[in-house]
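First the structure, in the form of structure tokens, and then the observations on it.
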Amino acid sequence: MKAITWHGKHDVRCETVDDPEILNPRDAFLRVTSTAICGSDLHLYDGYVPAMKPGDVLGHEFMGVVEEVGSASTLKKGQRVVVPFPIACGRCYHCGKHQYSACENGNPADKQDIGREAYGEPVAGIFGYSHLTGGYSGGQAEYVRVPFSDFGPLVIPDDSIEDDKVLFLTDVLPTGWMAAENCNIQPGDTVAVWGCGPVGLFAVQSAFLMGAERVIAIDHFPHRLELARKFGAETIDFEQTKVYEALQDMTGGIGPDASIDCVGLEAHGAFADNILDQIKVSTFLGTDRGHVIRQAIVATRKGGHVSMPGVYGGFIDKFPIGALMEKGITLKTGQTHVQRYLQPLYTAIAEGKIDSTFLISHRMGLEDGPEGYQKFHDDQDSYTKIVLKTGGLKAAA
Amino acid sequence: MSDRHLIRERDDAPITAARDIEPDRALSAESVTINRPARELYDFWAHPTNLVPVMENIAAIETIDATRSRWTVRGPGGHEMTWESVITKQVPGKEIYWQSAEGADIANSGRIEFRDAGERGTVVRATIAYDPPGGTIGKLIAKLFQREPRIQTRRDLHRFKQLMEAGEIATSARNRRQRDARDEDQSATHELEEQPA
């Protein structure tokens, strides 16, 4: 089959690799129809995520048609399904608490050592996202093997709902939703969102749906800020404006009630701490560039919430732990418990309450994936979201 | 200084986590919580041949009689080692003690406990004492090959958890060829009866 494979920093290829097979009873074998490149895939592309191996198949946002099932799968051949990015068993203690991204039963035991060393506990299995998260082949491919297929995937019953409308249930839509949920939004609240990529834009929509009175969106890409404005957000372009000063003034000197860091470990911008972070990362003295999370904690009002859906992988210094403590900030974060939100968000899409397709800027064939990575990386203003279609672009029409 | 500073009472932590434990003393303990009843887990473990897919390095387990079984492991460099294991004590649903018989390649003894943990299921704790092959050097070699017993025990317990909770042992291989190349011990993943979610 054709698949997008990782070979090193800024080196992804479309290659022919051997097909997946059913290996475990709960597996399903899918023919992928649509798959997206996620902002967090750029962290892999930029070489920020350790434990990648040359030849790894990328992609954790994908959907497709069931071609074959294992003996314990409840899916049926021909069903269209959307697959959540965390691989969760549905039967362990964490799954029982609906904390699906904490499930350990999808990450092979011999792969759990890395997470235990790095974080004290192993992380969940994730498709196409390094051997820290299991080393699974991802869905930027013609076919994919899906474990726990009786539990995770959501069957799309309505054939009239096209792929592009439901594809983002796999990750970015639930991630934006959970990010807003983690803000404990009360009527009248002002929420500041750093980063107007797909997660940030869904967080903007979600925050309004949860009752926020104002959302302030922060980025430096004009097109992305324009999209945020379309959903009713006020905007701050950090290249024009001092973010902390603006937020203070725009909130009557109180600060936003909640802040959401939808950027993570690769913050842009020529800020002093960012430049220091970049030097440290390039000389292996640090791993993550933490400008946004620092600024969010300092800007948020006393007693407010900071929600951090952006990916961090290692360490940052100059962490404003004093501000966090002295202001009594609640910090909430974590990989998204996607399975928890699939059904309600599917309903919201079907009822037209959430616009799930606005952010798609480009559709390409799977074989153009490497070009897609490069464009997405180099031109984030016009490339907000790329969806790859198997079977060439005709399938996209 | 009063005398009470001279005698420090032992704390409540397991001895296997003590700071002053001899570094080359091959005693280790690992715990895992499994969301299944203790009795079910005990029953599985009480039949040693069940453990072949769970244990990464076990090449074969043959039952000799009700308490004795013969274990063959893959050691460093593909070298096979074998011993006879004897169950010395069993408390049904609660614990199993074993000891290797005289003349074992790797003399070992241990205990596996199953403690009811209410709505979380069962805490399974394995305590293992062993004489590594060739003493300290043998252990160093074993470490190089990631066959260090403590890590091995932890991985084995987590495979056991996966099998009992999820009904299968996770593999991230894409297909059989990749699985075999990775030398994962998954060939005989057991299919369990349907479990309530």
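Residues are named by chain letter and number: chains run A, B, ... in the order of the structure tokens, numbers start at 1 in each chain, and ligands are numbered from 1 in the order shown.
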Give me, as a JSON list (two decimals) with C-alpha atoms, in the first residue's frame, the residues of chain A touching chain B, with the criterion being at most 9 Å (counting only C-alpha atoms).
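Below you can see iface-v8.json, which holds the result:
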[["chain", "number", "residue", "atom", "x", "y", "z"],
["A", 18, "ASP", "CA", 3.56, -3.81, 3.15],
["A", 19, "ASP", "CA", -0.15, -3.89, 3.99],
["A", 20, "PRO", "CA", -1.55, -4.16, 7.50],
["A", 21, "GLU", "CA", -3.28, -7.33, 8.68],
["A", 22, "ILE", "CA", -5.67, -8.32, 11.44],
["A", 23, "LEU", "CA", -3.50, -9.48, 14.36],
["A", 24, "ASN", "CA", -5.76, -9.40, 17.41],
["A", 25, "PRO", "CA", -9.40, -10.46, 17.90],
["A", 26, "ARG", "CA", -10.70, -6.91, 18.44],
["A", 71, "SER", "CA", -13.38, -12.34, 15.63],
["A", 72, "ALA", "CA", -14.21, -10.03, 18.57],
["A", 89, "CYS", "CA", -9.56, -0.60, 25.46],
["A", 90, "GLY", "CA", -12.81, 0.56, 27.05],
["A", 91, "ARG", "CA", -12.52, -1.93, 29.93],
["A", 92, "CYS", "CA", -9.81, -0.77, 32.32],
["A", 93, "TYR", "CA", -10.08, 1.51, 35.35],
["A", 96, "GLY", "CA", -14.28, 3.28, 33.27],
["A", 104, "GLU", "CA", -2.49, 1.62, 29.11],
["A", 105, "ASN", "CA", -3.83, -1.45, 27.40],
["A", 106, "GLY", "CA", -3.22, -0.16, 23.88],
["A", 107, "ASN", "CA", 0.46, 0.65, 24.39],
["A", 108, "PRO", "CA", 2.48, -2.57, 24.08],
["A", 109, "ALA", "CA", 4.20, -3.51, 27.36],
["A", 110, "ASP", "CA", 7.70, -3.31, 25.89],
["A", 112, "GLN", "CA", 5.80, 1.45, 28.01],
["A", 113, "ASP", "CA", 9.30, 1.74, 29.46],
["A", 125, "GLY", "CA", -1.14, 4.21, 22.49],
["A", 134, "GLY", "CA", 3.29, 2.51, 21.00],
["A", 135, "GLY", "CA", 4.85, 2.71, 17.56],
["A", 136, "TYR", "CA", 1.56, 2.07, 15.74],
["A", 137, "SER", "CA", 1.37, 2.61, 12.00],
["A", 144, "VAL", "CA", -4.70, 0.82, 8.58],
["A", 145, "ARG", "CA", -5.04, -1.74, 11.36],
["A", 147, "PRO", "CA", -7.15, -2.17, 17.56],
["A", 148, "PHE", "CA", -10.16, -2.24, 19.94]]
Pick from B:Asp180, B:Glu30, B:Glu40, B:Glu95 nearest to Ala17 (chain B), counting only C-alpha atoms
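Smallest separation from Ala17 (chain B) among the options: B:Glu30.
Omitting Thr190 (chain A) and its sequence neighbours fewer than 2 positions away, and counting only C-alpha atoms, the residues within 9 Å are A:Ile185, A:Gly188, A:Ala192, A:Ala212, A:Glu213, A:Arg214, A:Val215, A:Ile216, A:Thr251, A:Gly255, A:Pro256, A:Asp257, A:Ala258, A:Ser259.
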*Contact residues around Asp56 (chain A) with only C-alpha atoms at 8 Å, ignoring same-chain residues under 3 positions, as a ChimeraX atom specification*: /A:5-7,52-53,128,130,135,137
Residues from last step as file, N, CA and C atoms, as a PDB file, in the first residue's frame:
ATOM      1  N   THR A   5       5.486   8.153   5.188  1.00  0.00           N
ATOM      2  CA  THR A   5       6.434   7.650   6.178  1.00  0.00           C
ATOM      3  C   THR A   5       7.403   8.745   6.606  1.00  0.00           C
ATOM      4  N   TRP A   6       7.875   8.607   7.830  1.00  0.00           N
ATOM      5  CA  TRP A   6       8.823   9.565   8.433  1.00  0.00           C
ATOM      6  C   TRP A   6      10.244   9.032   8.273  1.00  0.00           C
ATOM      7  N   HIS A   7      11.149   9.900   7.863  1.00  0.00           N
ATOM      8  CA  HIS A   7      12.544   9.446   7.749  1.00  0.00           C
ATOM      9  C   HIS A   7      13.522  10.343   8.483  1.00  0.00           C
ATOM     10  N   MET A  52      11.021   8.420  17.343  1.00  0.00           N
ATOM     11  CA  MET A  52      10.560   8.133  15.989  1.00  0.00           C
ATOM     12  C   MET A  52      11.597   7.242  15.313  1.00  0.00           C
ATOM     13  N   LYS A  53      11.135   6.366  14.441  1.00  0.00           N
ATOM     14  CA  LYS A  53      12.070   5.521  13.700  1.00  0.00           C
ATOM     15  C   LYS A  53      11.833   5.696  12.199  1.00  0.00           C
ATOM     16  N   GLY A 128       0.421   6.387  14.769  1.00  0.00           N
ATOM     17  CA  GLY A 128       1.390   7.181  14.004  1.00  0.00           C
ATOM     18  C   GLY A 128       2.041   8.307  14.761  1.00  0.00           C
ATOM     19  N   SER A 130       5.056   8.145  17.099  1.00  0.00           N
ATOM     20  CA  SER A 130       6.304   7.756  17.765  1.00  0.00           C
ATOM     21  C   SER A 130       6.135   6.482  18.602  1.00  0.00           C
ATOM     22  N   GLY A 135       4.254   3.075  18.846  1.00  0.00           N
ATOM     23  CA  GLY A 135       4.852   2.712  17.559  1.00  0.00           C
ATOM     24  C   GLY A 135       3.851   2.138  16.565  1.00  0.00           C
ATOM     25  N   SER A 137       1.450   2.009  13.329  1.00  0.00           N
ATOM     26  CA  SER A 137       1.372   2.606  12.002  1.00  0.00           C
ATOM     27  C   SER A 137       0.130   3.488  11.950  1.00  0.00           C
TER      28      SER A 137
END
task: Please report, as a PyMOL selection string, each residue of region 20-196 of chain A to which DSSP assigns strand (DSSP E or B) when run on this structure's backbone.
output: chain A and resi 28-37+56-57+61-69+80-83+86-87+125-127+136+141+143-146+154-155+190-194
Give me the residues within 9 Å of Gly110 (chain B) as a PyMOL selection string, counting only C-alpha atoms and dropping any in the same chain fewer than 3 places off.
-> chain B and resi 96-99+126-130
Any chance you could export the current selection's N, CA and C atoms as an mmCIF file, in the first residue's frame?
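To be explicit, this is the file written out as out31.cif:
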data_model
loop_
_atom_site.group_PDB
_atom_site.id
_atom_site.type_symbol
_atom_site.label_atom_id
_atom_site.label_comp_id
_atom_site.auth_asym_id
_atom_site.auth_seq_id
_atom_site.Cartn_x
_atom_site.Cartn_y
_atom_site.Cartn_z
ATOM 1 N N ILE B 96 0.280 -17.360 45.516
ATOM 2 C CA ILE B 96 1.004 -18.553 45.083
ATOM 3 C C ILE B 96 2.490 -18.305 45.349
ATOM 4 N N TYR B 97 3.139 -19.281 46.018
ATOM 5 C CA TYR B 97 4.595 -19.212 46.238
ATOM 6 C C TYR B 97 5.251 -20.271 45.369
ATOM 7 N N TRP B 98 6.406 -19.959 44.825
ATOM 8 C CA TRP B 98 7.145 -20.980 44.085
ATOM 9 C C TRP B 98 8.627 -20.903 44.402
ATOM 10 N N GLN B 99 9.311 -21.979 44.032
ATOM 11 C CA GLN B 99 10.750 -22.047 44.219
ATOM 12 C C GLN B 99 11.309 -22.960 43.139
ATOM 13 N N ALA B 126 3.978 -9.078 42.298
ATOM 14 C CA ALA B 126 4.948 -10.160 42.151
ATOM 15 C C ALA B 126 6.226 -9.791 42.878
ATOM 16 N N THR B 127 6.710 -10.692 43.734
ATOM 17 C CA THR B 127 7.994 -10.514 44.400
ATOM 18 C C THR B 127 8.896 -11.640 43.913
ATOM 19 N N ILE B 128 10.055 -11.290 43.404
ATOM 20 C CA ILE B 128 10.923 -12.309 42.824
ATOM 21 C C ILE B 128 12.335 -12.156 43.374
ATOM 22 N N ALA B 129 12.897 -13.277 43.840
ATOM 23 C CA ALA B 129 14.305 -13.324 44.252
ATOM 24 C C ALA B 129 14.982 -14.327 43.338
ATOM 25 N N TYR B 130 16.161 -14.004 42.856
ATOM 26 C CA TYR B 130 16.827 -14.949 41.960
ATOM 27 C C TYR B 130 18.335 -14.814 42.043
#
